[in-house]
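Scroll down for the structure; my scribbles are underneath it.
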Amino acid sequence: MKLLKINSTLPLFLALFISGAAASQDAIVKKPVLSLSYFSSDNKVQYLLAEAKWKIEKKYQPATGVTVSIYLDSVAPAFSLSEKNVTDETGKIKAIIPPSLKSKWDASAQHKFIAIASGIKEFEDLESEIEIAKAKLEFDTSTNGETKTVSAIITALQNGKWVPVKEIEMKIAVKRLGGDLKIGDEDTYTTDSTGTVTAEFKQNSLPGDANGNITLVAKVEENDLYGNLYIEKVVPWGVVFKSDDNFFNQRSLWSIRSRTPLWLLFMAYSIVLGVWGTIIYLIYLMFKVKRLGKVN
Amino acid sequence: MENSTQLTVEQITQDLLPRKFGRRGKIWIGSLILICMIGAFAYYRQLKNGLSVTHMRDYVSWGIYISNFVFFVAISLVGSLITAIFRLAKVPWRTPLTRISEIIAVSAITFASIIIIVDMGRPERLLNLFTHGRIQSPIMWDVIVIGTYFCMSLFLLYITLLPDINIMIKEQEKLGKPFTKLYRWLGSFWQGTPAQEKIRDRSITILCILIIPVAFCIHTVTSWLFATTYRPGWDSTNFGAYFVSGAFLVGAGGVVVAMYVFRRSYNLEKYITDKHFERMGRIVVLLALLYFYFNINEYLVPAFKMKKPEETHLRQLFAGEFAIVFWFSILVGMIIPITILLFKKGRKPLPMFIAGVMVVVGAWFKRYLIVTPTLLHPFLPMHDVPENYKHYFPSWEEWAIAMGSLAGALLIITFFVRIFPVVSIYKTITDNNETVENK
């Protein structure tokens with residue numbers, strides 16, 4: 001009877017366990033996300049960045065291997081920037097506006113970009129669209145005694161003319177190896193009615209290159225209308241960097257063989273010559289023994 | 001040679017001339033050749049497939065090969081101990097031991113050189129060491145000093161053999177033809193004239209003086225390969241002395257084992273006497289105590305401080321993954337032999353042989369412990385390493401090559417004693433004559 005009870009309750013436990021496990025599997029929801037961003041670098045190179053991501057429990061993870069096609073204004077093979085490219089391990093695809101679309105790009109001040117995903121079931125036919133207006137950034141710098149000033153102006157194309165744009169948030173910084181360093185006290189600046197921001201350069205002791213050059217950058221980031229704009233300018237405002245070649249040229253234990261410390265060379269060769277000199281002398285003695293044997 | 005005072009020159013010559021192998025000798029050689037061939041096949045696989053056939057990975061890049069290399073370098077030091085130090089100290093009973101120690105030194109240093117090439121994934125790149133080598137690197141010092149020590153050991157062996165070669169040429173009727181040409185090529189010029197004797201004697205003295213610092217250098221430099229690397233277990237100023245003392249111990253242990261085997265195999269009881277064992281026993285005890293002292297320094301002092309980066313390493317040795325091997329090497333390699341050899345009865349041939357084997361086996365595992373556990377515990381561990389990086393146990397190819405190299409070293413010794421006398425005939429006769437004259 002007891003055995004029967006166990007036998008009848010076991011399938012129940014199993015069913016509960018399996019359904020519980022399945023439910024916990026279902027609880028993890030992976031939502032596919034496709035986004036598209038526009039970039040203009042130095043007013044010369046315009047490109048699009050498509051990014052495929054998984055949204056898992058409020059966190060994003062890159063979706064690799066997603067096929068994405070990007071089009072200009074309308075979905076047609078003739079207007080394609082990127083035809084069926086696959087996202088890399090960061091989940092991204094970069095597409096430059098090709099020369100074949102130059103006339104279409106020049107024809108209007110505003111454009112639409114469309115990205116369509118495929119290749120992975122959850123991403124199939126997922127679309128992302130952005131509309132951007134053409135804009136450009138320009139840099140100006142001036143020096144008045146000890147005071148150095150940086151100005152940046154943003155203009156947008158309207159009716160065939162470049163018109164200043166006000167109320168645009170912008171970053172002005174110095175480009176460094178690990179990231180951007182703000183030039184003054186403010187993190188960002190907002191353009192005035194002339195589309196200009198002006199900032200005082202306060203990083204006076206910043207190391208530059210061998211000529212004292214540093215690179216200033218102005219950035220508009222993730223603007224709803226103009227996208228991401230970026231411009232840079234090299235100015236001789238840094239401290240001249242003199243590389244300490246002497247450190248690498250000195251004779252040391254860690255240097256290359258031609259820069260072995262002299263004391264080590266002297267010691268090593270003295271020992272080697274001393275020992276091998278004696279061995280050669282002994283070999284000479286052996287030949288002498290051999291000669292003596294032949295004479296006798 | 002206390003019992004040989006009654007012996008005639010003919011009898012000594014007859015007893016000590018090399019002999020053909022018997023049935024047991026042939027089985028011994030066959031077994032060694034088989035082990036060598038398995039090792040050669042494993043090395044062929046390593047050459048064909050690369051070092052991936054080994055279990056060495058990014059953490060343990062020096063595995064059983066380098067342990068074996070250190071072991072060979074250590075045991076090779078015995079040549080300088082017995083021949084040079086005993087000669088310069090005018091130890092009167094050294095004669096039956098010198099040839100044995102010299103051939104152990106030559107065979108060990110030969111395979112130390114070979115095994116270091118085996119450890120290289122691309123052996124042809126050895127040449128780069130000579131064309132692009134930096135004298136700042138301890139690896140370069142090791143190459144120089146091993147090459148020098150090999151040449152000196154071979155030279156010392158050759159010079160001391162010359163009078164015996166002359167005797168063997170004279171005794172060619174008894175020896176048969178197989179090696180006559182070799183003997184003639186090596187030493188037909190030796191006639192034993194006073195002028196030749198004088199030069200030979202002088203050469204041996206110079207070599208004995210020179211080989212001691214070179215022998216110290218060879219193992220000190222080998223220890224510096226480790227000590228100049230900043231790692232737990234290796235970061236020690238004690239390493240040179242620790243290695244040299246350990247090398248003398250394993251070398252002396254190896255000589256004791258060889259003394260017993262040759263005495264039994266060639267019936268050399270009149271030449272390698274109980275008194276030789278008694279005296280070597282005392283030396284082994286002294287060396288074992290010295291090495292034990294350095295071990296206490298090497299482990300107890302860091303364990304007392306238990307610095308954080310060293311803690312994992314030391315715990316693994318004392319009570320972790322390597323505890324069995326660690327305590328085995330301490331007990332079997334030092335404490336038990338010391339206990340046996342402290343008593344007079346323990347210094348008889350058979351207990352001495354057992355103690356000698358223990359010392360040599362313990363020393364082999366000790367080298368494994370010096371090399372491997374340290375590599376598993378770097379100061380800056382890598383992130384997200386595969387699980388098999390964190391442990392090391394040699395693959396069958398590594399075992400086969402290591403055992404093949406040990407068999408190869410024994411094979412050199414075996415072939416040597418087939419061709420040349422294992423105890424110097426000339427020196428035994430001279431010693432015998434001097435003893436008779438003194439009486």
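We label chains A, B, ... in the order they appear in the structure tokens, count residues from 1 in each chain, and number ligands from 1 in the order shown.
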### Within 10 Å of chain A: residues of chain B, using only C-alpha atoms, as a PyMOL selection string
chain B and resi 132-137+141+144-145+148+151-152+155+159+187-193+195-200+202-204+206-207+210-211+213-214
Since we have the selection now, will you write its residues out, keeping C-alpha atoms, as a short mmCIF file (atom, residue, chain, number, x, y, z; two decimals), in the first residue's frame?
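So part-v7.cif came out as:
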```
data_model
loop_
_atom_site.label_atom_id
_atom_site.label_comp_id
_atom_site.auth_asym_id
_atom_site.auth_seq_id
_atom_site.Cartn_x
_atom_site.Cartn_y
_atom_site.Cartn_z
CA HIS B 132 70.39 36.54 -30.56
CA GLY B 133 71.14 35.59 -26.95
CA ARG B 134 71.43 38.29 -24.28
CA ILE B 135 74.16 37.84 -21.71
CA GLN B 136 71.81 39.57 -19.23
CA SER B 137 69.57 36.49 -19.21
CA TRP B 141 74.42 31.74 -18.40
CA ILE B 144 77.31 28.58 -21.24
CA VAL B 145 77.93 26.89 -17.91
CA THR B 148 81.52 24.20 -20.11
CA CYS B 151 83.35 19.53 -21.72
CA MET B 152 85.26 19.56 -18.44
CA PHE B 155 87.86 15.78 -20.33
CA ILE B 159 92.43 11.98 -18.82
CA GLY B 187 94.95 6.28 -26.16
CA SER B 188 97.55 4.40 -28.22
CA PHE B 189 99.96 7.29 -27.64
CA TRP B 190 99.94 6.72 -23.87
CA GLN B 191 103.06 4.94 -22.73
CA GLY B 192 103.13 6.00 -19.10
CA THR B 193 106.54 7.67 -19.31
CA ALA B 195 107.09 13.02 -18.66
CA GLN B 196 103.60 11.93 -19.74
CA GLU B 197 102.68 11.07 -16.16
CA LYS B 198 103.83 14.47 -14.97
CA ILE B 199 101.71 16.33 -17.55
CA ARG B 200 98.69 14.11 -16.92
CA ARG B 202 99.24 18.32 -13.59
CA SER B 203 96.27 18.41 -15.98
CA ILE B 204 94.08 16.47 -13.55
CA ILE B 206 94.20 21.90 -12.81
CA LEU B 207 90.89 20.35 -13.92
CA LEU B 210 88.68 24.47 -12.05
CA ILE B 211 85.73 22.09 -12.05
CA PRO B 213 83.72 26.57 -9.11
CA VAL B 214 82.21 25.58 -12.48
#
```
### Message
Can you tell me which residues surround range 354-359 of chain B at a distance of at most 6 Å, considering only C-alpha atoms, apart from same-chain residues fewer than 5 positions away, and format the answer as a ChimeraX atom specification?
### Response
/B:253,256-257,332-333,337
Non-local contacts of range 285-290 of chain B (7 Å; only C-alpha atoms; under 3 positions in same chain excluded) as a compact mmCIF listing (two decimals) with C-alpha atoms, in the first residue's frame:
```
# COMPACT_ATOMS: atom_id res chain seq x y z
CA SER B 245 73.48 21.33 -1.15
CA PHE B 248 75.56 17.19 -3.59
CA LEU B 249 73.10 15.01 -1.66
CA GLY B 281 77.32 6.81 4.51
CA ARG B 282 78.82 9.44 6.77
CA TYR B 293 68.72 22.59 7.18
CA PHE B 294 68.27 24.55 3.94
CA MET B 334 65.96 13.19 3.78
CA ILE B 338 69.33 10.27 7.80
CA LEU B 341 72.57 6.18 8.07
CA LEU B 342 73.07 7.63 11.55
```
Need the shell around range 209-225 of chain A: protein/DNA/RNA residues with any atom at most 6 Å away, counting only C-alpha atoms. Skip same-chain ones fewer than 2 positions apart. Format as an mmCIF file with N, CA and C atoms, in the first residue's frame?
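Result file part-v4.cif:
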```cif
data_model
loop_
_atom_site.group_PDB
_atom_site.id
_atom_site.type_symbol
_atom_site.label_atom_id
_atom_site.label_comp_id
_atom_site.auth_asym_id
_atom_site.auth_seq_id
_atom_site.Cartn_x
_atom_site.Cartn_y
_atom_site.Cartn_z
ATOM 1 N N ILE A 132 17.189 62.788 -39.891
ATOM 2 C CA ILE A 132 18.194 63.780 -39.487
ATOM 3 C C ILE A 132 18.179 64.970 -40.447
ATOM 4 N N ALA A 133 18.615 66.119 -39.895
ATOM 5 C CA ALA A 133 18.791 67.311 -40.732
ATOM 6 C C ALA A 133 20.288 67.553 -40.837
ATOM 7 N N MET A 170 26.465 71.205 -26.418
ATOM 8 C CA MET A 170 27.710 70.809 -27.074
ATOM 9 C C MET A 170 28.812 70.582 -26.030
ATOM 10 N N LYS A 171 29.711 69.677 -26.348
ATOM 11 C CA LYS A 171 30.869 69.455 -25.485
ATOM 12 C C LYS A 171 32.102 70.023 -26.166
ATOM 13 N N ILE A 172 32.949 70.684 -25.396
ATOM 14 C CA ILE A 172 34.249 71.110 -25.941
ATOM 15 C C ILE A 172 35.313 70.539 -24.999
ATOM 16 N N ALA A 173 36.239 69.829 -25.590
ATOM 17 C CA ALA A 173 37.193 69.105 -24.741
ATOM 18 C C ALA A 173 38.536 68.937 -25.448
ATOM 19 N N VAL A 174 39.482 68.400 -24.699
ATOM 20 C CA VAL A 174 40.791 68.042 -25.270
ATOM 21 C C VAL A 174 40.825 66.520 -25.411
ATOM 22 N N LYS A 175 41.240 66.062 -26.580
ATOM 23 C CA LYS A 175 41.280 64.618 -26.827
ATOM 24 C C LYS A 175 42.524 64.028 -26.156
ATOM 25 N N GLY A 227 21.631 64.404 -34.943
ATOM 26 C CA GLY A 227 22.427 63.193 -34.691
ATOM 27 C C GLY A 227 23.680 63.493 -33.897
ATOM 28 N N ASN A 228 24.779 62.843 -34.285
ATOM 29 C CA ASN A 228 26.054 63.014 -33.585
ATOM 30 C C ASN A 228 27.045 63.736 -34.506
ATOM 31 N N LEU A 229 27.480 64.920 -34.075
ATOM 32 C CA LEU A 229 28.431 65.692 -34.882
ATOM 33 C C LEU A 229 29.755 65.793 -34.123
ATOM 34 N N TYR A 230 30.815 65.799 -34.881
ATOM 35 C CA TYR A 230 32.130 65.753 -34.240
ATOM 36 C C TYR A 230 33.129 66.509 -35.096
ATOM 37 N N ILE A 231 33.928 67.354 -34.449
ATOM 38 C CA ILE A 231 34.995 68.054 -35.186
ATOM 39 C C ILE A 231 36.203 68.194 -34.270
ATOM 40 N N GLU A 232 37.384 68.196 -34.864
ATOM 41 C CA GLU A 232 38.577 68.369 -34.034
ATOM 42 C C GLU A 232 39.555 69.328 -34.693
ATOM 43 N N LYS A 233 40.395 69.943 -33.852
ATOM 44 C CA LYS A 233 41.386 70.900 -34.353
ATOM 45 C C LYS A 233 42.663 70.782 -33.517
ATOM 46 N N VAL A 234 43.779 70.791 -34.209
ATOM 47 C CA VAL A 234 45.065 70.691 -33.516
ATOM 48 C C VAL A 234 45.578 72.096 -33.231
ATOM 49 N N VAL A 235 45.925 72.355 -31.956
ATOM 50 C CA VAL A 235 46.454 73.672 -31.564
ATOM 51 C C VAL A 235 47.748 73.482 -30.759
ATOM 52 N N PRO A 236 48.666 74.441 -30.856
ATOM 53 C CA PRO A 236 49.958 74.287 -30.136
ATOM 54 C C PRO A 236 49.888 74.801 -28.701
ATOM 55 N N GLY A 238 49.800 72.835 -25.882
ATOM 56 C CA GLY A 238 50.289 71.877 -24.886
ATOM 57 C C GLY A 238 51.741 72.133 -24.530
ATOM 58 N N VAL A 239 52.194 71.454 -23.507
ATOM 59 C CA VAL A 239 53.606 71.530 -23.116
ATOM 60 C C VAL A 239 54.371 70.543 -24.000
ATOM 61 N N VAL A 240 55.487 71.023 -24.556
ATOM 62 C CA VAL A 240 56.277 70.156 -25.445
ATOM 63 C C VAL A 240 56.736 68.913 -24.688
ATOM 64 N N PHE A 241 56.455 67.754 -25.281
ATOM 65 C CA PHE A 241 56.833 66.492 -24.624
ATOM 66 C C PHE A 241 58.177 66.013 -25.155
#
```
Give me, as a compact mmCIF listing (two decimals) with N, CA and C atoms, in the first residue's frame, all polymer residues having an atom no more than 8 Å from Ser236 in chain B, counting only C-alpha atoms and skipping those fewer than 3 positions away in the same chain.
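The resulting file, out-v4.txt, is reproduced below:
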```
# COMPACT_ATOMS: atom_id res chain seq x y z
N ALA B 227 65.16 31.83 -9.03
CA ALA B 227 65.23 32.88 -8.01
C ALA B 227 65.18 34.29 -8.60
N GLY B 233 57.62 31.01 -3.59
CA GLY B 233 58.40 29.77 -3.58
C GLY B 233 59.75 29.90 -4.26
N PHE B 239 68.40 30.42 -2.55
CA PHE B 239 68.22 29.37 -3.55
C PHE B 239 69.52 28.73 -4.06
N GLU B 298 64.00 27.28 3.87
CA GLU B 298 63.24 27.59 2.66
C GLU B 298 61.72 27.55 2.88
```
### Task
Compile the contact shell of Gly195 in chain A as number ranges by chain: residues with an atom at most 7 Å away, counting only C-alpha atoms, same-chain residues fewer than 4 positions apart removed.
A: 153-155, 164-166, 191
### Task
Name all residues at most 6 Å from range 111-119 of chain A (count only C-alpha atoms; drop same-chain ones fewer than 4 positions away) and give them as a count of residues only.
18
### Query
Do you have the CA of Thr95 in chain B-CA of Pro351 in chain B distance handy?
22.3 Å
### Task
Pull the helix (DSSP H, G or I) assignments for range 43-221 of chain A out of DSSP run on the backbone, and list those residues as a VMD selection string.
chain A and resid 77 to 79 99 to 106 121 to 123
Saved selection, atoms kept: C-alpha atoms, as a PDB file, in the first residue's frame:
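Printed below is again_33.pdb as written:
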```pdb
ATOM      1  CA  PRO A  77      18.271  47.921 -53.135  1.00  0.00           C
ATOM      2  CA  ALA A  78      19.318  51.054 -55.041  1.00  0.00           C
ATOM      3  CA  PHE A  79      19.292  53.108 -51.838  1.00  0.00           C
ATOM      4  CA  PRO A  99      29.507  57.642 -53.449  1.00  0.00           C
ATOM      5  CA  SER A 100      26.673  56.072 -55.469  1.00  0.00           C
ATOM      6  CA  LEU A 101      24.158  57.833 -53.167  1.00  0.00           C
ATOM      7  CA  LYS A 102      25.901  61.248 -53.282  1.00  0.00           C
ATOM      8  CA  SER A 103      23.360  62.881 -55.602  1.00  0.00           C
ATOM      9  CA  LYS A 104      20.481  61.628 -53.472  1.00  0.00           C
ATOM     10  CA  TRP A 105      22.269  62.761 -50.294  1.00  0.00           C
ATOM     11  CA  ASP A 106      22.978  66.241 -51.747  1.00  0.00           C
ATOM     12  CA  LYS A 121      14.188  34.609 -35.535  1.00  0.00           C
ATOM     13  CA  GLU A 122      13.459  37.215 -32.829  1.00  0.00           C
ATOM     14  CA  PHE A 123      14.992  40.002 -34.939  1.00  0.00           C
TER      15      PHE A 123
END
```
### Task
State, in Å with one decimal place, the distance from CA of Glu397 in chain B to CA of Trp234 in chain B.
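It comes out at 27.2 Å.
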### Query
Which residue gives the smallest distance to Leu154 in chain B among B:Lys90, B:Arg99, B:Arg184, B:Lys307, with only C-alpha atoms counted?
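Among the listed residues, the smallest separation from Leu154 in chain B belongs to B:Arg99.
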